[in-house]
$ cat run-v7.csv   # CSV, C-alpha atoms and all ligand atoms
chain,number,residue,atom,x,y,z
A,288,MET,CA,89.0,100.3,77.3
A,289,LYS,CA,85.5,101.4,76.4
A,290,PRO,CA,83.8,103.6,79.0
A,291,SER,CA,80.9,101.9,80.8
A,292,LEU,CA,77.3,103.2,80.4
A,293,LEU,CA,77.1,102.9,84.2
A,294,GLY,CA,79.5,105.8,84.6
A,295,ILE,CA,77.8,108.5,82.6
A,296,THR,CA,75.1,111.0,83.6
A,297,LYS,CA,71.9,111.6,81.6
A,298,GLU,CA,73.1,115.0,80.5
A,299,GLU,CA,76.5,113.7,79.4
A,300,LEU,CA,74.9,110.8,77.5
A,301,ALA,CA,72.4,113.2,75.8
A,302,ALA,CA,75.2,115.5,74.8
A,303,HIS,CA,77.3,112.6,73.5
A,304,LEU,CA,74.5,111.2,71.4
A,305,ALA,CA,73.6,114.6,69.9
A,306,GLU,CA,77.3,115.1,69.0
A,307,HIS,CA,77.3,111.7,67.2
A,308,GLY,CA,74.1,112.1,65.2
A,309,HIS,CA,71.7,110.3,67.5
A,310,PRO,CA,68.6,112.0,69.0
A,311,ALA,CA,69.4,113.2,72.6
A,312,TYR,CA,66.1,111.9,73.9
A,313,ARG,CA,67.4,108.3,73.5
A,314,ALA,CA,69.5,109.0,76.6
A,315,ASP,CA,66.3,108.5,78.7
A,316,GLN,CA,65.5,105.2,77.2
A,317,ILE,CA,69.1,104.0,77.4
A,318,LEU,CA,69.5,104.9,81.1
A,319,ASP,CA,66.1,103.4,81.8
A,320,TRP,CA,67.5,100.1,80.6
A,321,VAL,CA,70.8,100.5,82.4
A,322,TRP,CA,69.5,101.4,85.8
A,323,LYS,CA,65.9,100.1,85.9
A,324,LYS,CA,65.4,97.2,83.5
A,325,ARG,CA,69.0,95.9,83.8
A,326,PRO,CA,69.4,93.9,80.5
A,327,ALA,CA,71.9,91.2,79.9
A,328,SER,CA,73.6,93.1,77.1
A,329,ILE,CA,73.3,96.3,75.1
A,330,ASP,CA,71.8,94.3,72.3
A,331,ALA,CA,68.9,93.4,74.5
A,332,MET,CA,67.8,97.0,74.8
A,333,SER,CA,64.9,96.1,72.5
A,334,ASN,CA,63.2,99.4,72.0
A,335,LEU,CA,66.3,101.1,70.6
A,336,PRO,CA,66.9,101.2,66.8
A,337,LYS,CA,69.4,98.5,65.7
A,338,ALA,CA,71.8,101.2,64.5
A,339,LEU,CA,71.9,102.9,67.9
A,340,ARG,CA,72.5,99.6,69.6
A,341,ALA,CA,75.4,98.9,67.3
A,342,TYR,CA,76.8,102.3,67.9
A,343,LEU,CA,76.6,101.8,71.7
A,344,GLU,CA,78.1,98.4,71.5
A,345,GLU,CA,81.0,99.8,69.6
A,346,ASN,CA,81.7,102.7,71.9
A,347,PHE,CA,80.5,101.6,75.4
A,348,SER,CA,80.6,98.6,77.7
A,349,LEU,CA,77.8,97.7,80.1
A,350,TYR,CA,78.6,96.1,83.4
A,351,PRO,CA,82.2,96.9,84.6
A,352,LEU,CA,82.3,94.2,87.3
A,353,THR,CA,82.6,90.4,86.9
A,354,PRO,CA,81.2,88.6,90.0
A,355,ALA,CA,84.1,86.3,91.0
A,356,ARG,CA,82.9,84.8,94.3
A,357,GLU,CA,80.4,85.3,97.0
A,358,LEU,CA,81.0,84.3,100.6
A,359,GLY,CA,78.3,84.0,103.1
A,360,SER,CA,78.8,84.5,106.8
A,361,THR,CA,77.0,82.8,109.7
A,362,ASP,CA,75.4,86.2,110.6
A,363,THR,CA,74.0,86.5,107.1
A,364,THR,CA,76.4,89.2,106.0
A,365,ARG,CA,77.4,88.5,102.4
A,366,LYS,CA,80.8,89.5,100.9
A,367,MET,CA,80.8,90.0,97.1
A,368,LEU,CA,84.1,89.7,95.4
A,369,TYR,CA,84.3,91.4,92.0
A,370,LYS,CA,86.9,91.2,89.3
A,371,LEU,CA,87.8,94.5,87.4
A,372,HIS,CA,88.6,94.7,83.7
A,373,ASP,CA,92.4,94.9,84.6
A,374,GLY,CA,92.3,91.7,86.6
A,375,ARG,CA,92.2,93.4,90.1
A,376,TYR,CA,89.7,92.6,92.7
A,377,ILE,CA,87.4,94.6,95.0
A,378,GLU,CA,84.9,93.6,97.6
A,379,SER,CA,81.5,94.9,98.6
A,380,VAL,CA,79.7,93.7,101.7
A,381,LEU,CA,76.0,93.3,101.9
A,382,ILE,CA,74.8,93.7,105.5
A,383,PRO,CA,71.1,93.0,106.3
A,384,ALA,CA,69.7,95.4,108.8
A,385,ASN,CA,72.0,97.7,110.8
A,386,PRO,CA,69.2,99.6,112.5
A,387,ALA,CA,71.3,100.3,115.6
A,388,LEU,CA,73.8,102.1,113.4
A,389,TYR,CA,71.9,103.9,110.7
A,390,GLY,CA,68.3,103.8,111.8
A,391,GLY,CA,65.4,102.4,109.9
A,392,ARG,CA,63.5,99.1,109.6
A,393,ALA,CA,65.0,95.8,110.6
A,394,ASP,CA,64.7,94.4,107.1
A,395,ARG,CA,66.8,97.0,105.4
A,396,LEU,CA,69.9,96.2,103.4
A,397,THR,CA,73.1,98.1,103.7
A,398,LEU,CA,76.0,97.8,101.2
A,399,CYS,CA,79.5,98.6,102.2
A,400,VAL,CA,81.1,100.0,99.1
A,401,SER,CA,84.8,100.2,98.1
A,402,SER,CA,86.2,103.3,96.5
A,403,GLN,CA,89.8,102.3,95.6
A,404,VAL,CA,91.9,99.2,95.1
A,405,GLY,CA,94.0,99.3,98.2
A,406,CYS,CA,94.6,102.5,100.2
A,407,ALA,CA,97.5,104.9,100.4
A,408,TYR,CA,96.9,106.1,103.9
A,409,GLY,CA,98.4,103.2,105.8
A,410,CYS,CA,96.6,103.3,109.1
A,411,LYS,CA,98.5,100.9,111.3
A,412,PHE,CA,95.5,98.8,112.3
A,413,CYS,CA,93.8,98.4,108.9
A,414,ALA,CA,93.9,95.5,106.5
A,415,SER,CA,93.1,97.7,103.5
A,416,GLY,CA,96.1,99.8,104.1
A,417,LEU,CA,98.5,96.9,104.6
A,418,ALA,CA,99.3,96.3,100.9
A,419,GLY,CA,99.4,99.9,99.8
A,420,PHE,CA,97.5,101.7,97.0
A,421,THR,CA,96.9,100.4,93.5
A,422,ARG,CA,94.4,102.6,91.8
A,423,ASN,CA,91.2,104.7,92.1
A,424,LEU,CA,87.9,103.1,91.1
A,425,THR,CA,86.0,104.7,88.3
A,426,ALA,CA,82.6,106.2,88.9
A,427,ALA,CA,81.1,103.2,87.0
A,428,GLU,CA,83.0,100.7,89.2
A,429,ILE,CA,81.7,102.5,92.3
A,430,ALA,CA,78.1,102.7,91.2
A,431,ALA,CA,78.1,99.2,89.7
A,432,GLN,CA,78.8,97.7,93.1
A,433,VAL,CA,75.3,98.8,94.1
A,434,LEU,CA,73.6,97.9,90.8
A,435,GLN,CA,75.3,94.5,90.3
A,436,THR,CA,74.9,93.5,94.0
A,437,GLU,CA,71.2,94.3,93.7
A,438,MET,CA,71.1,92.1,90.6
A,439,LEU,CA,72.9,89.2,92.4
A,440,ALA,CA,70.9,89.5,95.6
A,441,GLY,CA,67.6,90.0,93.8
A,442,ASP,CA,66.8,92.7,96.3
A,443,ARG,CA,66.8,96.4,96.7
A,444,ILE,CA,69.6,98.1,98.7
A,445,ASP,CA,68.5,100.8,101.0
A,446,ASN,CA,71.7,102.3,102.5
A,447,LEU,CA,75.2,102.7,101.4
A,448,VAL,CA,78.3,103.2,103.5
A,449,PHE,CA,81.5,104.1,101.8
A,450,MET,CA,83.5,102.0,104.3
A,451,GLY,CA,85.0,99.3,102.0
A,452,MET,CA,88.5,99.3,100.7
A,453,GLY,CA,90.1,102.7,100.1
A,454,GLU,CA,89.8,106.3,101.2
A,455,PRO,CA,86.7,107.7,99.4
A,456,LEU,CA,87.7,111.3,99.7
A,457,ALA,CA,91.1,110.6,98.1
A,458,ASN,CA,89.0,109.7,95.0
A,459,SER,CA,86.4,112.4,95.4
A,460,LYS,CA,85.9,113.3,91.7
A,461,ASN,CA,84.9,109.7,90.8
A,462,LEU,CA,83.0,109.3,94.1
A,463,LEU,CA,80.9,112.4,93.5
A,464,GLN,CA,80.1,111.3,89.9
A,465,ALA,CA,79.1,107.9,91.3
A,466,ILE,CA,76.9,109.6,93.9
A,467,GLU,CA,75.2,111.6,91.1
A,468,LEU,CA,74.4,108.3,89.3
A,469,ILE,CA,73.2,106.7,92.6
A,470,THR,CA,71.0,109.5,93.7
A,471,SER,CA,69.5,110.7,90.4
A,472,PRO,CA,65.9,109.8,89.7
A,473,TRP,CA,66.9,108.3,86.3
A,474,GLY,CA,69.7,106.4,88.1
A,475,LEU,CA,69.4,104.3,91.3
A,476,ASN,CA,67.2,107.0,92.9
A,477,LEU,CA,68.6,106.5,96.4
A,478,GLY,CA,68.2,109.4,98.8
A,479,ALA,CA,71.4,111.1,99.7
A,480,ARG,CA,70.5,110.8,103.4
A,481,HIS,CA,71.0,107.0,102.9
A,482,LEU,CA,74.6,107.5,101.9
A,483,THR,CA,77.4,107.7,104.4
A,484,ILE,CA,80.9,108.6,103.4
A,485,SER,CA,83.6,107.5,105.8
A,486,THR,CA,86.9,109.3,105.9
A,487,SER,CA,90.1,109.1,107.9
A,488,GLY,CA,90.1,112.9,107.9
A,489,LEU,CA,91.1,114.6,104.7
A,490,VAL,CA,90.4,118.2,105.7
A,491,PRO,CA,90.2,120.1,102.3
A,492,GLN,CA,87.8,117.4,100.9
A,493,ILE,CA,85.6,117.5,104.0
A,494,ARG,CA,85.3,121.3,103.6
A,495,GLU,CA,84.4,120.8,99.9
A,496,LEU,CA,81.8,118.1,100.7
A,497,ALA,CA,80.2,120.4,103.3
A,498,ARG,CA,79.3,122.6,100.4
A,499,HIS,CA,77.9,119.8,98.2
A,500,PRO,CA,74.2,120.4,97.6
A,501,ARG,CA,73.1,116.9,98.5
A,502,GLN,CA,72.6,115.9,102.1
A,503,ILE,CA,75.2,113.1,102.2
A,504,ARG,CA,76.1,111.8,105.6
A,505,LEU,CA,79.7,112.0,106.9
A,506,ALA,CA,81.5,109.6,109.3
A,507,ILE,CA,84.9,110.4,110.6
A,508,SER,CA,87.3,107.6,111.4
A,509,LEU,CA,88.7,109.3,114.5
A,510,HIS,CA,90.2,106.5,116.6
A,511,GLY,CA,92.0,108.9,118.9
A,512,ALA,CA,90.9,112.0,120.6
A,513,THR,CA,94.3,113.7,120.8
A,514,ASP,CA,97.2,114.1,118.3
A,515,ALA,CA,99.4,112.0,120.6
A,516,VAL,CA,97.2,109.0,120.1
A,517,ARG,CA,96.2,109.6,116.5
A,518,ASP,CA,99.8,110.2,115.4
A,519,GLN,CA,100.7,106.7,116.6
A,520,ILE,CA,98.2,104.9,114.5
A,521,MET,CA,97.1,107.2,111.6
A,522,PRO,CA,99.8,108.8,109.4
A,523,VAL,CA,97.1,111.1,108.0
A,524,ASN,CA,97.1,112.9,111.3
A,525,LYS,CA,100.6,114.4,110.6
A,526,LYS,CA,99.2,116.1,107.5
A,527,TYR,CA,95.8,117.1,109.1
A,528,PRO,CA,96.2,117.2,112.8
A,529,THR,CA,93.1,117.1,115.1
A,530,SER,CA,93.0,120.9,115.4
A,531,GLN,CA,92.4,121.3,111.7
A,532,LEU,CA,90.1,118.3,111.5
A,533,PHE,CA,87.9,119.5,114.3
A,534,GLU,CA,87.7,123.0,112.7
A,535,ALA,CA,86.5,121.4,109.5
A,536,LEU,CA,83.9,119.5,111.5
A,537,HIS,CA,82.6,122.7,113.0
A,538,ASP,CA,82.5,124.0,109.5
A,539,TRP,CA,80.4,121.0,108.5
A,540,ASN,CA,78.0,121.7,111.3
A,541,ALA,CA,77.6,125.2,110.1
A,542,GLN,CA,76.8,124.1,106.5
A,543,LYS,CA,74.8,120.9,107.1
A,544,LYS,CA,71.8,120.1,109.1
A,545,GLN,CA,72.4,116.4,109.7
A,546,HIS,CA,74.6,115.0,112.5
A,547,LEU,CA,78.1,113.7,112.1
A,548,THR,CA,79.2,110.2,113.2
A,549,LEU,CA,82.6,109.6,114.8
A,550,GLU,CA,84.0,106.1,114.4
A,551,TYR,CA,86.2,105.0,117.2
A,552,ILE,CA,87.9,101.5,117.1
A,553,LEU,CA,88.9,100.4,120.6
A,554,ILE,CA,92.4,98.9,120.5
A,555,GLN,CA,93.8,97.6,123.8
A,556,GLY,CA,96.5,99.8,125.3
A,557,ILE,CA,96.6,102.1,122.2
A,558,ASN,CA,93.6,104.3,122.3
A,559,ASP,CA,91.3,102.9,125.0
A,560,ASP,CA,92.5,104.9,128.0
A,561,LEU,CA,89.4,106.3,129.8
A,562,GLU,CA,91.0,109.8,129.5
A,563,GLN,CA,90.5,109.5,125.8
A,564,ALA,CA,86.8,108.9,126.4
A,565,ARG,CA,86.6,112.1,128.4
A,566,ILE,CA,88.3,114.2,125.7
A,567,LEU,CA,86.3,112.4,123.0
A,568,ALA,CA,83.1,113.3,124.8
A,569,THR,CA,83.9,117.0,124.9
A,570,HIS,CA,84.6,117.0,121.1
A,571,ALA,CA,81.6,114.9,120.2
A,572,ARG,CA,79.3,117.3,122.1
A,573,SER,CA,80.9,120.3,120.5
A,574,PHE,CA,79.9,119.1,117.0
A,575,GLN,CA,76.8,117.2,118.1
A,576,ALA,CA,78.2,114.0,116.8
A,577,LYS,CA,77.2,110.5,117.8
A,578,VAL,CA,80.0,108.0,118.4
A,579,ASN,CA,80.2,104.5,117.1
A,580,LEU,CA,82.6,102.4,119.3
A,581,ILE,CA,83.9,99.4,117.5
A,582,PRO,CA,86.0,96.8,119.4
A,583,TYR,CA,89.0,96.1,117.2
A,584,ASN,CA,88.6,93.3,114.7
A,585,THR,CA,91.7,91.1,114.6
A,586,VAL,CA,93.7,91.3,111.3
A,587,GLU,CA,96.1,88.5,110.6
A,588,GLY,CA,99.6,89.8,110.7
A,589,LEU,CA,98.9,92.7,112.9
A,590,PRO,CA,99.6,92.8,116.7
A,591,TRP,CA,96.6,94.6,117.9
A,592,LYS,CA,93.9,93.3,120.2
A,593,ARG,CA,90.4,94.3,121.3
A,594,PRO,CA,90.0,95.4,124.9
A,595,GLU,CA,87.8,93.4,127.4
A,596,ILE,CA,84.2,93.9,126.7
A,597,SER,CA,83.7,95.4,130.2
A,598,HIS,CA,86.4,98.0,129.4
A,599,CYS,CA,84.6,98.9,126.2
A,600,GLN,CA,81.4,99.4,128.2
A,601,ALA,CA,83.3,101.6,130.7
A,602,PHE,CA,84.6,103.7,127.8
A,603,ARG,CA,81.0,104.0,126.4
A,604,ASN,CA,79.6,104.9,129.8
A,605,ILE,CA,81.8,108.0,130.0
A,606,LEU,CA,80.4,109.2,126.7
A,607,THR,CA,76.8,108.5,127.6
A,608,LYS,CA,77.1,110.1,131.0
A,609,ALA,CA,78.5,113.2,129.2
A,610,GLY,CA,75.3,113.3,127.1
A,611,VAL,CA,76.8,111.8,123.9
A,612,THR,CA,74.9,109.1,122.0
A,613,ALA,CA,77.3,106.3,121.7
A,614,THR,CA,76.8,102.8,120.3
A,615,LEU,CA,79.1,99.8,121.0
A,616,ARG,CA,78.8,97.2,118.3
A,617,LEU,CA,80.3,93.9,117.6
A,618,GLU,CA,81.1,93.6,114.0
A,619,LYS,CA,79.0,91.7,111.6
A,620,GLY,CA,80.9,89.6,109.1
A,621,HIS,CA,83.8,89.0,111.4
A,622,ASP,CA,84.0,85.3,110.4
A,623,ILE,CA,84.5,86.0,106.7
A,624,GLU,CA,86.8,89.0,107.2
A,625,ALA,CA,84.2,91.3,105.7
A,626,ALA,CA,84.0,93.6,108.7
A,627,CYS,CA,85.2,97.1,108.6
A,628,GLY,CA,89.0,97.3,108.1
A,629,GLN,CA,89.2,93.7,107.2
A,630,LEU,CA,88.9,94.2,103.5
A,631,ARG,CA,92.3,93.5,102.1
A,632,LEU,CA,93.9,93.5,98.6
A,633,ILE,CA,93.9,90.0,97.2
A,634,LYS,CA,96.3,88.6,94.7
A,635,GLU,CA,95.6,89.2,91.0
A,636,THR,CA,95.6,85.6,90.1
A,637,GLU,CA,92.9,83.0,90.2
A,638,GLU,CA,95.1,81.1,92.7
A,639,GLY,CA,95.1,84.3,94.7
A,640,ILE,CA,91.3,84.0,95.0
A,641,GLY,CA,91.6,80.4,96.1
A,642,GLY,CA,94.3,81.1,98.6
A,643,ASN,CA,92.4,84.0,100.0
A,644,ALA,CA,89.2,82.1,100.2
A,645,GLU,CA,90.9,79.4,102.2
A,646,MET,CA,92.0,82.0,104.6
A,647,LEU,CA,88.5,83.3,104.8
A,648,LYS,CA,87.3,79.8,105.7
A,649,SER,CA,84.8,79.6,102.9
B,1,LIG,N1,89.2,105.0,104.4
B,1,LIG,C1,88.0,105.3,105.0
B,1,LIG,C2,86.8,104.3,104.7
B,1,LIG,C3,87.2,102.8,104.8
B,1,LIG,S1,87.6,102.1,106.4
B,1,LIG,C4,88.1,105.5,106.5
B,1,LIG,O1,89.2,105.1,107.1
B,1,LIG,O2,87.2,106.0,107.1
B,1,LIG,C5,86.2,101.7,107.2
B,1,LIG,C6,86.2,101.7,108.7
B,1,LIG,O3,86.8,100.6,109.2
B,1,LIG,C7,87.1,102.9,109.2
B,1,LIG,O4,86.4,103.5,110.3
B,1,LIG,C8,88.3,102.2,109.7
B,1,LIG,O5,89.0,103.0,110.5
B,1,LIG,C9,87.7,100.9,110.3
B,1,LIG,N2,88.7,99.9,110.5
B,1,LIG,C10,89.9,99.7,109.9
B,1,LIG,N3,90.5,98.6,110.4
B,1,LIG,C11,89.7,98.1,111.4
B,1,LIG,C12,89.7,97.0,112.2
B,1,LIG,N4,90.8,96.1,112.2
B,1,LIG,N5,88.7,96.7,113.1
B,1,LIG,C13,87.6,97.6,113.1
B,1,LIG,N6,87.5,98.6,112.3
B,1,LIG,C14,88.5,98.9,111.4
B,2,LIG,FE1,92.8,103.6,104.4
B,2,LIG,FE2,90.6,103.9,105.9
B,2,LIG,FE3,92.2,101.7,106.2
B,2,LIG,FE4,93.1,104.1,107.0
B,2,LIG,S1,91.3,103.0,107.8
B,2,LIG,S2,94.3,102.6,105.8
B,2,LIG,S3,92.2,105.5,105.4
B,2,LIG,S4,91.0,102.3,104.4
$ encode --input "run-v7.csv" --output "structure tokens" --more "lines below"
Ligand code: SAH
Ligand code: SF4
Amino acid sequence: MKPSLLGITKEELAAHLAEHGHPAYRADQILDWVWKKRPASIDAMSNLPKALRAYLEENFSLYPLTPARELGSTDTTRKMLYKLHDGRYIESVLIPANPALYGGRADRLTLCVSSQVGCAYGCKFCASGLAGFTRNLTAAEIAAQVLQTEMLAGDRIDNLVFMGMGEPLANSKNLLQAIELITSPWGLNLGARHLTISTSGLVPQIRELARHPRQIRLAISLHGATDAVRDQIMPVNKKYPTSQLFEALHDWNAQKKQHLTLEYILIQGINDDLEQARILATHARSFQAKVNLIPYNTVEGLPWKRPEISHCQAFRNILTKAGVTATLRLEKGHDIEAACGQLRLIKETEEGIGGNAEMLKS
């Protein structure tokens, strides 16, 4: 499999060209095509010498994703299904305006990006974890979700949330390379502050990310304020219990200026006890985090339910009364199973797409 030009930094490409007898400065021109002009093929990079185009075609591929299907939702969320070179599928979800969540203008576009095929962490409530882990995405496959979705949508994407399929921090090498491509001026040139990585709580990687020079935002999928609750629904808590996680978040505070976000799905009878809200409030205040409360999205085949809306509001009120900024949101994209935690592995056959699509009521 040839590496994609979408997975390589300017410095790496320049070094590669120099090593193979081509002028290093061509890297600027090539990456200008890749990230800005977005040609249909390598051969269409018309200001490059023919010999260089031939060399690139022989040694590199261009777009790593094949658009397989697009599903629209009644609330204008759009779910993009992409086929990978090995026949697997991933999904990216385009969400117009999420100002309540991430700030900014109402006409902004947010893309929910996948980082792995499947997920090994097996949270009990999550569709992505249901079918287990298949493989990490490459840096090119991660960055291409942004580039190729922009090409399909004909619009610029303003914010990225790494909240699609997979655990981004379990694939941190490729994720960080993709972030380099996404944030560099010669790449997609998106400000790091517009990127949010969501993690179920991988402590060593959180500590590492706290020392990363770019001001990337961090969201923690907490979903329980105590070990007793978290242990029941998130196996990762056995490895990194809340004491270790909270210590890492204090460390994050010490290293970074921007605020943390705690994601908290409300699941009836599991983690929605008001005592959890009180404990959550204490922790959120201690690391100056805001809290996103998400009433659970039903996942077919799982027994969990969302609490009554009045109960969700009571849970939220405890947080706000304690001085914590807390949002309560109803998911966008619920009707196409594109909401958080609803991205699931689909079968690797064309029939698989059809079957899945039927389930998605397309
Ligand atoms: N693995 C990472 C990122 C992907 S999950 C993480 O867990 O943070 C994106 C978010 O969706 C997480 O906060 C996850 O906990 C949440 N989620 C999972 N299943 C959900 C469901 N059924 N309803 C609502 N949110 C869900
Ligand atoms: Fe994986 Fe995140 Fe789903 Fe847990 S919530 S199974 S870590 S994708």
$ closest_atom_pairs --input "run-v7.csv" --of "chain A" --to "ligand LIG 1 (chain B)" --cutoff "7 Å" --atoms "all atoms listed in the file" --output "JSON lines"
{"residue": "A:Phe412", "atom": "CA", "partner": "B:LIG1", "partner_atom": "N3", "distance": 5.4}
{"residue": "A:Cys413", "atom": "CA", "partner": "B:LIG1", "partner_atom": "N3", "distance": 3.6}
{"residue": "A:Ala414", "atom": "CA", "partner": "B:LIG1", "partner_atom": "N3", "distance": 6.0}
{"residue": "A:Phe449", "atom": "CA", "partner": "B:LIG1", "partner_atom": "C2", "distance": 6.0}
{"residue": "A:Met450", "atom": "CA", "partner": "B:LIG1", "partner_atom": "C3", "distance": 3.8}
{"residue": "A:Gly451", "atom": "CA", "partner": "B:LIG1", "partner_atom": "C3", "distance": 5.0}
{"residue": "A:Met452", "atom": "CA", "partner": "B:LIG1", "partner_atom": "C3", "distance": 5.5}
{"residue": "A:Gly453", "atom": "CA", "partner": "B:LIG1", "partner_atom": "N1", "distance": 5.0}
{"residue": "A:Glu454", "atom": "CA", "partner": "B:LIG1", "partner_atom": "N1", "distance": 3.5}
{"residue": "A:Pro455", "atom": "CA", "partner": "B:LIG1", "partner_atom": "N1", "distance": 6.2}
{"residue": "A:Ser485", "atom": "CA", "partner": "B:LIG1", "partner_atom": "O2", "distance": 4.1}
{"residue": "A:Thr486", "atom": "CA", "partner": "B:LIG1", "partner_atom": "O2", "distance": 3.5}
{"residue": "A:Ser487", "atom": "CA", "partner": "B:LIG1", "partner_atom": "O1", "distance": 4.2}
{"residue": "A:Ile507", "atom": "CA", "partner": "B:LIG1", "partner_atom": "O2", "distance": 6.1}
{"residue": "A:Ser508", "atom": "CA", "partner": "B:LIG1", "partner_atom": "O4", "distance": 4.3}
{"residue": "A:Glu550", "atom": "CA", "partner": "B:LIG1", "partner_atom": "O4", "distance": 5.4}
{"residue": "A:Ile552", "atom": "CA", "partner": "B:LIG1", "partner_atom": "C13", "distance": 5.6}
{"residue": "A:Ile581", "atom": "CA", "partner": "B:LIG1", "partner_atom": "C13", "distance": 6.0}
{"residue": "A:Pro582", "atom": "CA", "partner": "B:LIG1", "partner_atom": "C13", "distance": 6.5}
{"residue": "A:Tyr583", "atom": "CA", "partner": "B:LIG1", "partner_atom": "N5", "distance": 4.2}
{"residue": "A:Asn584", "atom": "CA", "partner": "B:LIG1", "partner_atom": "N5", "distance": 3.8}
{"residue": "A:Thr585", "atom": "CA", "partner": "B:LIG1", "partner_atom": "N4", "distance": 5.6}
{"residue": "A:Val586", "atom": "CA", "partner": "B:LIG1", "partner_atom": "N4", "distance": 5.7}
{"residue": "A:Ala626", "atom": "CA", "partner": "B:LIG1", "partner_atom": "C13", "distance": 7.0}
{"residue": "A:Cys627", "atom": "CA", "partner": "B:LIG1", "partner_atom": "O3", "distance": 3.9}
{"residue": "A:Gly628", "atom": "CA", "partner": "B:LIG1", "partner_atom": "N3", "distance": 3.0}
{"residue": "A:Gln629", "atom": "CA", "partner": "B:LIG1", "partner_atom": "N4", "distance": 5.8}
$ residues_around --input "run-v7.csv" --residues "segment 544-548 of chain A" --least-positions-apart "2" --cutoff "10 Å" --atoms "only C-alpha atoms" --output "list in words"
Leu388, Tyr389, Arg480, Thr483, Ser485, Gln502, Ile503, Arg504, Leu505, Ala506, Ile507, Ser508, Leu509, Leu536, Trp539, Asn540, Ala541, Gln542, Glu550, Tyr551, Ala571, Phe574, Gln575, Ala576, Lys577, Val578, Asn579, Thr612 and Ala613 of chain A
$ closest_residue --input "run-v7.csv" --among "A:Leu300, A:Ala430, A:Leu456, A:Leu292" --to "ligand LIG 2 (chain B)" --atoms "all atoms listed in the file"
A:Leu456
$ residues_around --input "run-v7.csv" --residues "Gly308 of chain A" --least-positions-apart "4" --cutoff "12 Å" --atoms "all atoms listed in the file" --output "list in words"
Ala301, Ala302, His303, Leu304, Tyr312, Arg313, Ala338, Leu339 and Tyr342 of chain A
$ closest_residue --input "run-v7.csv" --among "A:Gly374, A:Pro383, A:Pro522, A:Pro472" --to "ligand LIG 2 (chain B)" --atoms "only C-alpha atoms and all ligand atoms"
A:Pro522
$ residues_around --input "run-v7.csv" --residues "Cys410 of chain A" --least-positions-apart "4" --cutoff "10 Å" --atoms "all atoms listed in the file" --output "list in words"
Cys406, Ala414, Ser415, Gly416, Leu417, Ser487, Arg517, Asp518, Gln519, Ile520, Met521, Pro522, Val523, Asn524 and Gly628 of chain A
$ closest_residue --input "run-v7.csv" --among "A:Leu293, A:Leu358, A:Ala515, A:Ala457" --to "Val433 of chain A" --atoms "only C-alpha atoms"
A:Leu293
$ closest_residue --input "run-v7.csv" --among "A:Leu496, A:Ala407, A:Ala564, A:Cys599" --to "ligand LIG 2 (chain B)" --atoms "only C-alpha atoms and all ligand atoms"
A:Ala407
$ atom_distance --input "run-v7.csv" --atom1 "atom CA of Met288 of chain A" --atom2 "atom CA of Gly474 of chain A"
22.9 Å
$ closest_residue --input "run-v7.csv" --among "A:Gln316, A:Thr569, A:Thr421, A:Ser402" --to "Asp373 of chain A" --atoms "all atoms listed in the file"
A:Thr421
$ closest_residue --input "run-v7.csv" --among "A:Glu467, A:Asp315, A:Glu428, A:Glu357" --to "Ser401 of chain A" --atoms "all atoms listed in the file"
A:Glu428
$ residues_around --input "run-v7.csv" --residues "Ile554 of chain A" --least-positions-apart "2" --cutoff "6 Å" --atoms "only C-alpha atoms" --output "tab-separated table (two decimals) with C-alpha atoms, in the coordinates of the input"
chain	number	residue	atom	x	y	z
A	557	ILE	CA	96.60	102.10	122.20
A	558	ASN	CA	93.60	104.30	122.30
A	583	TYR	CA	89.00	96.10	117.20
A	592	LYS	CA	93.90	93.30	120.20
A	593	ARG	CA	90.40	94.30	121.30
$ atom_distance --input "run-v7.csv" --atom1 "atom CA of Leu606 of chain A" --atom2 "atom CA of Arg494 of chain A"
26.5 Å
$ atom_distance --input "run-v7.csv" --atom1 "atom CA of Lys324 of chain A" --atom2 "atom CA of Ala431 of chain A"
14.3 Å
$ residues_around --input "run-v7.csv" --residues "Ala327 of chain A" --least-positions-apart "4" --cutoff "12 Å" --atoms "all atoms listed in the file" --output "tab-separated table (two decimals) with C-alpha atoms, in the coordinates of the input"
chain	number	residue	atom	x	y	z
A	320	TRP	CA	67.50	100.10	80.60
A	321	VAL	CA	70.80	100.50	82.40
A	331	ALA	CA	68.90	93.40	74.50
A	332	MET	CA	67.80	97.00	74.80
A	333	SER	CA	64.90	96.10	72.50
A	348	SER	CA	80.60	98.60	77.70
A	349	LEU	CA	77.80	97.70	80.10
A	350	TYR	CA	78.60	96.10	83.40
A	435	GLN	CA	75.30	94.50	90.30
A	438	MET	CA	71.10	92.10	90.60
$ build_atoms --input "run-v7.csv" --residues "segment 530-534 of chain A" --atoms "N, CA and C atoms" --output "CSV table (one decimal), in the coordinates of the input"
chain,number,residue,atom,x,y,z
A,530,SER,N,93.5,119.5,115.4
A,530,SER,CA,93.0,120.9,115.4
A,530,SER,C,92.3,121.3,114.1
A,531,GLN,N,93.0,120.9,113.0
A,531,GLN,CA,92.4,121.3,111.7
A,531,GLN,C,91.2,120.4,111.4
A,532,LEU,N,91.3,119.2,111.8
A,532,LEU,CA,90.1,118.3,111.5
A,532,LEU,C,88.9,118.8,112.3
A,533,PHE,N,89.1,119.1,113.5
A,533,PHE,CA,87.9,119.5,114.3
A,533,PHE,C,87.3,120.9,113.8
A,534,GLU,N,88.2,121.7,113.3
A,534,GLU,CA,87.7,123.0,112.7
A,534,GLU,C,86.9,122.7,111.5
